[in-house]
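Notes follow once the structure below has been shown.
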Amino acid sequence: MNLNWSVEYVYGARDGSNYRRSIGVNGATPIPAVHVMQGDMLVLNVHNKLDVATSLHPHGIYNNGTNYFDGPDMVTECGIPPGESFTYEINTAAQSGTFWIHGHTRHADVDGLRTPFIIHSNKTPVDYDEELVITLEDWFSQEFYVRMEYIDNRKIDGTFPPNYAGGLFNGYNANRTAPIKFRPGKRYRLRVISMAANNWSLFRILGHKMVVIEADGVRSMPLEVDGLNLGPGQRNSVIVTALNSTDFNYVFEFISTASTVNNESGGKPKNYRGVVEYREGAPIKDIPEQSDKEPVWPDDMALQAADRQPWLPVDRTIDLPVTFYSDPFLVGFWSLGKTLYQPTIVPTLYTAMSMGKLASNESVYAPQTNAYVLRHLEVIEFVISNPFINDHTFHMHGHDFQVTEAGPCGKATGGYPE
């Protein structure tokens, strides 16, 4: 499949109230979803009409042997300069499932450069009648770098820009979105994608159960839940069986929240409600909350991959503690490991390809990259400890991984103690 993408500025009020500049493709925002069949080669011819560099990352794709198409600027590429073009070739032979494509330079994804990327399997592992793609996003009233400039000015009075995002459901204000239409008795595969930059997204349909069958592009053993709790970048496919009656319509809930943001009056969390429509004009079914029963959300440790692969034998362990730094003006920086990452002058991949035998020496890479050199087919155990109150998702480009253990890791000694 060949697509020509012109990445450019567009204007609109996707949240229904803040008319602002954002980033779209071919004049469109939200950007239309990309659907391919497993085995297709997706060729993205990208022309950059922005006034800054840009790049694209196919989130969750292995790019095994082609990581120069992975997208992170100054890691695997330089970024596409303004007015220039670059072609990405994304091989889907080894994968199927629910993914997304987003900008990976100057946080362009925060301003709208993001869209679903669905790889349909040639063999349907689960029986269902129809499928729907659902996107959950956070959306700020100002462009990312407008907000960052405000923070970087180090306001002496300690004030910061409005930093609690609103929520978008399928690209628009979640309170004004079109209904999800169900037909009685049908089985639906909902591909739910959190394309948020900062906020966590909770999604459920009152009066309906969900069965998780896929997590982050990996087919899973069925797990029944009441709703989904997705961090930024996470995806789940669920099967929802529609009820047999058209007497009532039902409510879906989307909650957008972030532990990194102080509570605001009426602002945290952001709660949105929409309609699952069985019949146009039907009344909404009143389903009272059960005070003695908490909703069941997916537990990462309860999810099991459908291939039931046993734990891999570990060759080496690398500790990656979550670290928080702050300056006197309370501007904070997060890092993995004990070094605050800063971009390099030369992309890391280019250094690896040009240093010959020295490429296996970690010291040839800029010290601020906190680089680790791994041996081919080496099995690495990462121990990620987060002693802070803030939740963090962990995404590794080009790889799936096994979650083998989880639990408390102690308390933070600085920043925001637990």
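Each chain in the structure tokens gets a letter, A, B and so on, in the order shown; residues start at 1 in every chain, and ligands are counted from 1 in the order they appear.
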
For Tyr9 of chain A, find every residue with an atom within 9 Å (counting only C-alpha atoms), except residues of its own chain fewer than 5 positions away, and show them as an mmCIF file with N, CA and C atoms, in the first residue's frame.
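This is the output file part.cif:
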data_model
loop_
_atom_site.group_PDB
_atom_site.id
_atom_site.type_symbol
_atom_site.label_atom_id
_atom_site.label_comp_id
_atom_site.auth_asym_id
_atom_site.auth_seq_id
_atom_site.Cartn_x
_atom_site.Cartn_y
_atom_site.Cartn_z
ATOM 1 N N ARG A 21 -3.944 26.074 16.244
ATOM 2 C CA ARG A 21 -3.152 25.393 15.231
ATOM 3 C C ARG A 21 -2.771 24.007 15.742
ATOM 4 N N SER A 22 -2.860 23.028 14.880
ATOM 5 C CA SER A 22 -2.418 21.677 15.212
ATOM 6 C C SER A 22 -1.729 21.100 13.973
ATOM 7 N N ILE A 23 -1.432 19.823 14.005
ATOM 8 C CA ILE A 23 -0.721 19.170 12.901
ATOM 9 C C ILE A 23 -1.602 18.072 12.318
ATOM 10 N N GLY A 24 -1.746 18.103 10.996
ATOM 11 C CA GLY A 24 -2.539 17.092 10.310
ATOM 12 C C GLY A 24 -1.809 16.563 9.091
ATOM 13 N N VAL A 25 -2.518 15.780 8.312
ATOM 14 C CA VAL A 25 -1.967 15.188 7.087
ATOM 15 C C VAL A 25 -2.911 15.488 5.938
ATOM 16 N N GLY A 27 -4.123 18.141 4.940
ATOM 17 C CA GLY A 27 -5.161 19.091 5.319
ATOM 18 C C GLY A 27 -6.190 18.543 6.278
ATOM 19 N N LYS A 49 5.727 19.846 5.432
ATOM 20 C CA LYS A 49 5.372 21.240 5.179
ATOM 21 C C LYS A 49 5.369 22.072 6.455
ATOM 22 N N LEU A 50 5.862 21.505 7.559
ATOM 23 C CA LEU A 50 5.994 22.275 8.787
ATOM 24 C C LEU A 50 7.216 23.188 8.685
#

Can you check which parts of segment 292-330 of chain A lie within 10 Å of segment 366-376 of chain A? Per residue, the shortest pair of atoms and distance in Å to one decimal, counting only C-alpha atoms, sorted by chain and number, as CSV.
residue,atom,partner,partner_atom,distance
A:Asp315,CA,A:Arg375,CA,10.0
A:Arg316,CA,A:Leu374,CA,9.5
A:Ile318,CA,A:Tyr372,CA,9.0

Okay, now the selection with N, CA, C and O atoms, as an mmCIF file, in the first residue's frame?
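Wrote it out as again_36.cif, contents follow:
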data_model
loop_
_atom_site.group_PDB
_atom_site.id
_atom_site.type_symbol
_atom_site.label_atom_id
_atom_site.label_comp_id
_atom_site.auth_asym_id
_atom_site.auth_seq_id
_atom_site.Cartn_x
_atom_site.Cartn_y
_atom_site.Cartn_z
ATOM 1 N N ASP A 315 20.069 -13.785 30.159
ATOM 2 C CA ASP A 315 21.525 -13.698 30.024
ATOM 3 C C ASP A 315 22.119 -12.579 30.873
ATOM 4 O O ASP A 315 23.257 -12.692 31.350
ATOM 5 N N ARG A 316 21.358 -11.499 31.034
ATOM 6 C CA ARG A 316 21.903 -10.340 31.748
ATOM 7 C C ARG A 316 20.766 -9.499 32.298
ATOM 8 O O ARG A 316 19.680 -9.425 31.694
ATOM 9 N N ILE A 318 19.607 -5.631 33.604
ATOM 10 C CA ILE A 318 19.915 -4.195 33.578
ATOM 11 C C ILE A 318 18.885 -3.477 34.437
ATOM 12 O O ILE A 318 17.676 -3.635 34.234
#

Gly185 of chain A surroundings by only C-alpha atoms, 9 Å radius, close-in-sequence under 4 positions cut, as a list of chain:residue names: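 Within the cut-off, the hits are A:Thr241, A:Ala242, A:Leu243, A:Asn244, A:Ser245.
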
Keeping only N, CA and C atoms, write those residues as a short mmCIF file (atom, residue, chain, number, x, y, z; two decimals), in the first residue's frame.
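Output file out.cif is given in full below:
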data_model
loop_
_atom_site.label_atom_id
_atom_site.label_comp_id
_atom_site.auth_asym_id
_atom_site.auth_seq_id
_atom_site.Cartn_x
_atom_site.Cartn_y
_atom_site.Cartn_z
N THR A 241 -20.22 -8.52 23.38
CA THR A 241 -21.42 -9.11 22.80
C THR A 241 -22.60 -8.20 23.08
N ALA A 242 -23.22 -7.71 22.01
CA ALA A 242 -24.37 -6.82 22.17
C ALA A 242 -25.54 -7.57 22.80
N LEU A 243 -26.33 -6.83 23.57
CA LEU A 243 -27.52 -7.42 24.20
C LEU A 243 -28.57 -7.72 23.13
N ASN A 244 -29.57 -8.50 23.51
CA ASN A 244 -30.55 -8.97 22.52
C ASN A 244 -31.75 -8.05 22.35
N SER A 245 -31.85 -6.99 23.13
CA SER A 245 -33.02 -6.12 23.09
C SER A 245 -32.66 -4.74 22.54
#

DSSP helix (DSSP H, G or I) residues within segment 123-354 of chain A, listed as a list in words: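 The helix (DSSP H, G or I) subset of segment 123-354 of chain A is Phe144, Tyr145, Val146, Arg147, Met148, Glu149, Tyr150, Ile151, Asp152, Thr348, Leu349, Tyr350, Thr351, Ala352, Met353 and Ser354 of chain A.
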
Taking C-alpha atoms for each residue, export the selection above as a PDB file, in the first residue's frame.
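Heads up, here's the output in out_4.pdb:
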ATOM      1  CA  PHE A 144       3.103  21.883  22.946  1.00  0.00           C
ATOM      2  CA  TYR A 145       5.965  24.301  22.387  1.00  0.00           C
ATOM      3  CA  VAL A 146       3.886  27.321  23.400  1.00  0.00           C
ATOM      4  CA  ARG A 147       3.395  25.610  26.743  1.00  0.00           C
ATOM      5  CA  MET A 148       7.038  24.532  26.943  1.00  0.00           C
ATOM      6  CA  GLU A 149       8.270  28.044  26.216  1.00  0.00           C
ATOM      7  CA  TYR A 150       6.155  29.326  29.063  1.00  0.00           C
ATOM      8  CA  ILE A 151       7.674  26.760  31.421  1.00  0.00           C
ATOM      9  CA  ASP A 152      11.213  27.323  30.169  1.00  0.00           C
ATOM     10  CA  THR A 348      22.937   6.850  17.551  1.00  0.00           C
ATOM     11  CA  LEU A 349      22.252   4.393  14.723  1.00  0.00           C
ATOM     12  CA  TYR A 350      24.673   6.271  12.464  1.00  0.00           C
ATOM     13  CA  THR A 351      27.361   6.057  15.128  1.00  0.00           C
ATOM     14  CA  ALA A 352      26.793   2.303  15.448  1.00  0.00           C
ATOM     15  CA  MET A 353      27.028   1.860  11.667  1.00  0.00           C
ATOM     16  CA  SER A 354      30.178   3.944  11.227  1.00  0.00           C
TER      17      SER A 354
END

Atomic separation - atom CA of His102 of chain A relative to atom CA of His57 of chain A, Å: 5.4 Å

Counting only C-alpha atoms, the residue of A:Pro82, A:Pro343, A:Pro298, A:Gly97 that sits nearest Leu223 of chain A: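 Distance minimum relative to Leu223 of chain A lands on A:Pro298.
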
Distance query Thr115 of chain A at most 8 Å, only C-alpha atoms, self and fewer than 3 positions along chain excluded, as a PDB file with C-alpha atoms, in the first residue's frame:
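Saved file selection00.pdb follows:
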ATOM      1  CA  PRO A  30      -7.906  13.913  12.824  1.00  0.00           C
ATOM      2  CA  ILE A  31      -5.776  11.888  10.443  1.00  0.00           C
ATOM      3  CA  PRO A  32      -7.636   8.968   8.786  1.00  0.00           C
ATOM      4  CA  ALA A  33      -6.754   5.526  10.134  1.00  0.00           C
ATOM      5  CA  VAL A  34      -4.434   3.278   8.118  1.00  0.00           C
ATOM      6  CA  TRP A 100      -0.700   3.436  15.680  1.00  0.00           C
ATOM      7  CA  ILE A 101       1.548   5.870  13.818  1.00  0.00           C
ATOM      8  CA  HIS A 102       2.677   9.108  15.427  1.00  0.00           C
ATOM      9  CA  MET A 195      -3.078   7.918  21.627  1.00  0.00           C
TER      10      MET A 195
END

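Shortest separation to Trp200 of chain A among A:His120, A:Arg308, A:His392, A:His397 occurs at residue A:His392, atoms counted being only C-alpha atoms.
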
Residues flagged strand (DSSP E or B) by DSSP in segment 217-308 of chain A, as an MDAnalysis selection string: chainID A and resid 218:225 227:230 235:241 249:257 270:277 284 305

Serialized selection, N, CA and C atoms, as a tab-separated table (two decimals), in the first residue's frame:
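Below you can see result-v2.tsv, which holds the result:
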chain	number	residue	atom	x	y	z
A	218	VAL	N	-0.27	-7.99	20.62
A	218	VAL	CA	-0.03	-9.40	20.92
A	218	VAL	C	-1.35	-10.06	21.32
A	219	ARG	N	-1.69	-11.16	20.66
A	219	ARG	CA	-2.93	-11.84	21.00
A	219	ARG	C	-2.82	-12.45	22.39
A	220	SER	N	-3.88	-12.31	23.19
A	220	SER	CA	-3.85	-12.77	24.57
A	220	SER	C	-4.92	-13.83	24.80
A	221	MET	N	-4.75	-14.59	25.87
A	221	MET	CA	-5.81	-15.47	26.32
A	221	MET	C	-6.99	-14.62	26.76
A	222	PRO	N	-8.23	-15.07	26.55
A	222	PRO	CA	-9.39	-14.24	26.91
A	222	PRO	C	-9.40	-13.89	28.39
A	223	LEU	N	-9.71	-12.63	28.67
A	223	LEU	CA	-9.81	-12.14	30.04
A	223	LEU	C	-11.01	-11.22	30.14
A	224	GLU	N	-12.00	-11.61	30.95
A	224	GLU	CA	-13.22	-10.81	31.08
A	224	GLU	C	-13.01	-9.66	32.06
A	225	VAL	N	-13.41	-8.47	31.65
A	225	VAL	CA	-13.26	-7.27	32.47
A	225	VAL	C	-14.51	-6.40	32.31
A	227	GLY	N	-14.03	-2.96	32.09
A	227	GLY	CA	-13.58	-1.83	31.30
A	227	GLY	C	-12.09	-1.86	31.13
A	228	LEU	N	-11.56	-0.86	30.43
A	228	LEU	CA	-10.13	-0.80	30.11
A	228	LEU	C	-9.49	0.38	30.81
A	229	ASN	N	-8.25	0.19	31.23
A	229	ASN	CA	-7.46	1.23	31.88
A	229	ASN	C	-6.13	1.30	31.13
A	230	LEU	N	-6.00	2.27	30.22
A	230	LEU	CA	-4.88	2.32	29.29
A	230	LEU	C	-3.98	3.51	29.57
A	235	ARG	N	-2.73	-0.32	23.83
A	235	ARG	CA	-3.88	-0.72	23.02
A	235	ARG	C	-4.42	-2.05	23.52
A	236	ASN	N	-5.74	-2.19	23.50
A	236	ASN	CA	-6.41	-3.45	23.78
A	236	ASN	C	-7.46	-3.71	22.71
A	237	SER	N	-7.59	-4.96	22.30
A	237	SER	CA	-8.77	-5.39	21.56
A	237	SER	C	-9.66	-6.17	22.52
A	238	VAL	N	-10.95	-5.87	22.49
A	238	VAL	CA	-11.90	-6.57	23.34
A	238	VAL	C	-13.08	-7.04	22.49
A	239	ILE	N	-13.68	-8.14	22.91
A	239	ILE	CA	-14.92	-8.60	22.32
A	239	ILE	C	-16.06	-8.18	23.25
A	240	VAL	N	-17.04	-7.50	22.67
A	240	VAL	CA	-18.25	-7.12	23.40
A	240	VAL	C	-19.44	-7.74	22.67
A	241	THR	N	-20.22	-8.52	23.38
A	241	THR	CA	-21.42	-9.11	22.80
A	241	THR	C	-22.60	-8.20	23.08
A	249	ASN	N	-30.97	2.21	25.00
A	249	ASN	CA	-29.59	2.53	24.68
A	249	ASN	C	-28.79	2.58	25.97
A	250	TYR	N	-27.46	2.58	25.85
A	250	TYR	CA	-26.61	2.49	27.03
A	250	TYR	C	-25.53	3.57	26.99
A	251	VAL	N	-24.95	3.81	28.14
A	251	VAL	CA	-23.93	4.86	28.29
A	251	VAL	C	-22.54	4.22	28.23
A	252	PHE	N	-21.62	4.88	27.50
A	252	PHE	CA	-20.21	4.53	27.66
A	252	PHE	C	-19.52	5.67	28.40
A	253	GLU	N	-18.52	5.33	29.18
A	253	GLU	CA	-17.76	6.31	29.96
A	253	GLU	C	-16.31	6.33	29.49
A	254	PHE	N	-15.78	7.53	29.39
A	254	PHE	CA	-14.36	7.75	29.09
A	254	PHE	C	-13.84	8.73	30.13
A	255	ILE	N	-12.88	8.29	30.91
A	255	ILE	CA	-12.28	9.12	31.95
A	255	ILE	C	-10.82	9.36	31.60
A	256	SER	N	-10.43	10.62	31.53
A	256	SER	CA	-9.06	11.00	31.23
A	256	SER	C	-8.45	11.62	32.47
A	257	THR	N	-7.35	11.03	32.96
A	257	THR	CA	-6.79	11.48	34.23
A	257	THR	C	-5.28	11.38	34.21
A	270	LYS	N	-11.10	14.25	34.06
A	270	LYS	CA	-12.09	14.67	33.08
A	270	LYS	C	-13.00	13.47	32.78
A	271	ASN	N	-14.29	13.66	32.98
A	271	ASN	CA	-15.26	12.60	32.80
A	271	ASN	C	-16.13	12.88	31.58
A	272	TYR	N	-16.25	11.89	30.71
A	272	TYR	CA	-17.05	12.04	29.50
A	272	TYR	C	-18.00	10.86	29.38
A	273	ARG	N	-19.16	11.12	28.81
A	273	ARG	CA	-20.16	10.09	28.62
A	273	ARG	C	-20.74	10.19	27.22
A	274	GLY	N	-20.89	9.05	26.57
A	274	GLY	CA	-21.51	8.99	25.26
A	274	GLY	C	-22.54	7.88	25.22
A	275	VAL	N	-23.06	7.60	24.06
A	275	VAL	CA	-24.19	6.67	23.92
A	275	VAL	C	-23.79	5.47	23.05
A	276	VAL	N	-24.14	4.29	23.53
A	276	VAL	CA	-24.13	3.07	22.71
A	276	VAL	C	-25.58	2.88	22.24
A	277	GLU	N	-25.78	3.02	20.96
A	277	GLU	CA	-27.13	3.11	20.41
A	277	GLU	C	-27.58	1.77	19.82
A	284	ILE	N	-32.26	5.90	27.64
A	284	ILE	CA	-31.00	5.41	28.20
A	284	ILE	C	-31.31	4.52	29.40
A	305	ALA	N	-0.18	-14.18	27.20
A	305	ALA	CA	-0.08	-14.28	25.75
A	305	ALA	C	-0.67	-15.60	25.27

Residues near Met301 of chain A, cut-off 9 Å, only C-alpha atoms, skip fewer than 2 positions along chain, as a list in words: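 Neighbouring residues, sequence-local ones excluded: Pro298, Asp299, Leu303, Gln304, Val403, Thr404, Glu405 and Ala406 of chain A.
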
For segment 67-79 of chain A: contacts at 10 Å, only C-alpha atoms, fewer than 3 positions along chain excluded, given as an MDAnalysis selection string: chainID A and resid 48 52:64 82 84:90 101:106 342:351 369 397:398

Neighbour list for Thr98 of chain A as a ChimeraX atom specification, cut-off 8 Å, only C-alpha atoms, skip fewer than 4 positions in-chain: /A:116-119,191,193,216-217,235-237

Counting only C-alpha atoms, the option among A:Val383, A:Val314, A:Ile287, A:Ala28 closest to Phe248 of chain A: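 Of all the options, A:Ile287 lies closest to Phe248 of chain A.
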
Atom-to-atom span, atom CA of Thr92 of chain A and atom CA of Val43 of chain A, Å: 11.0 Å
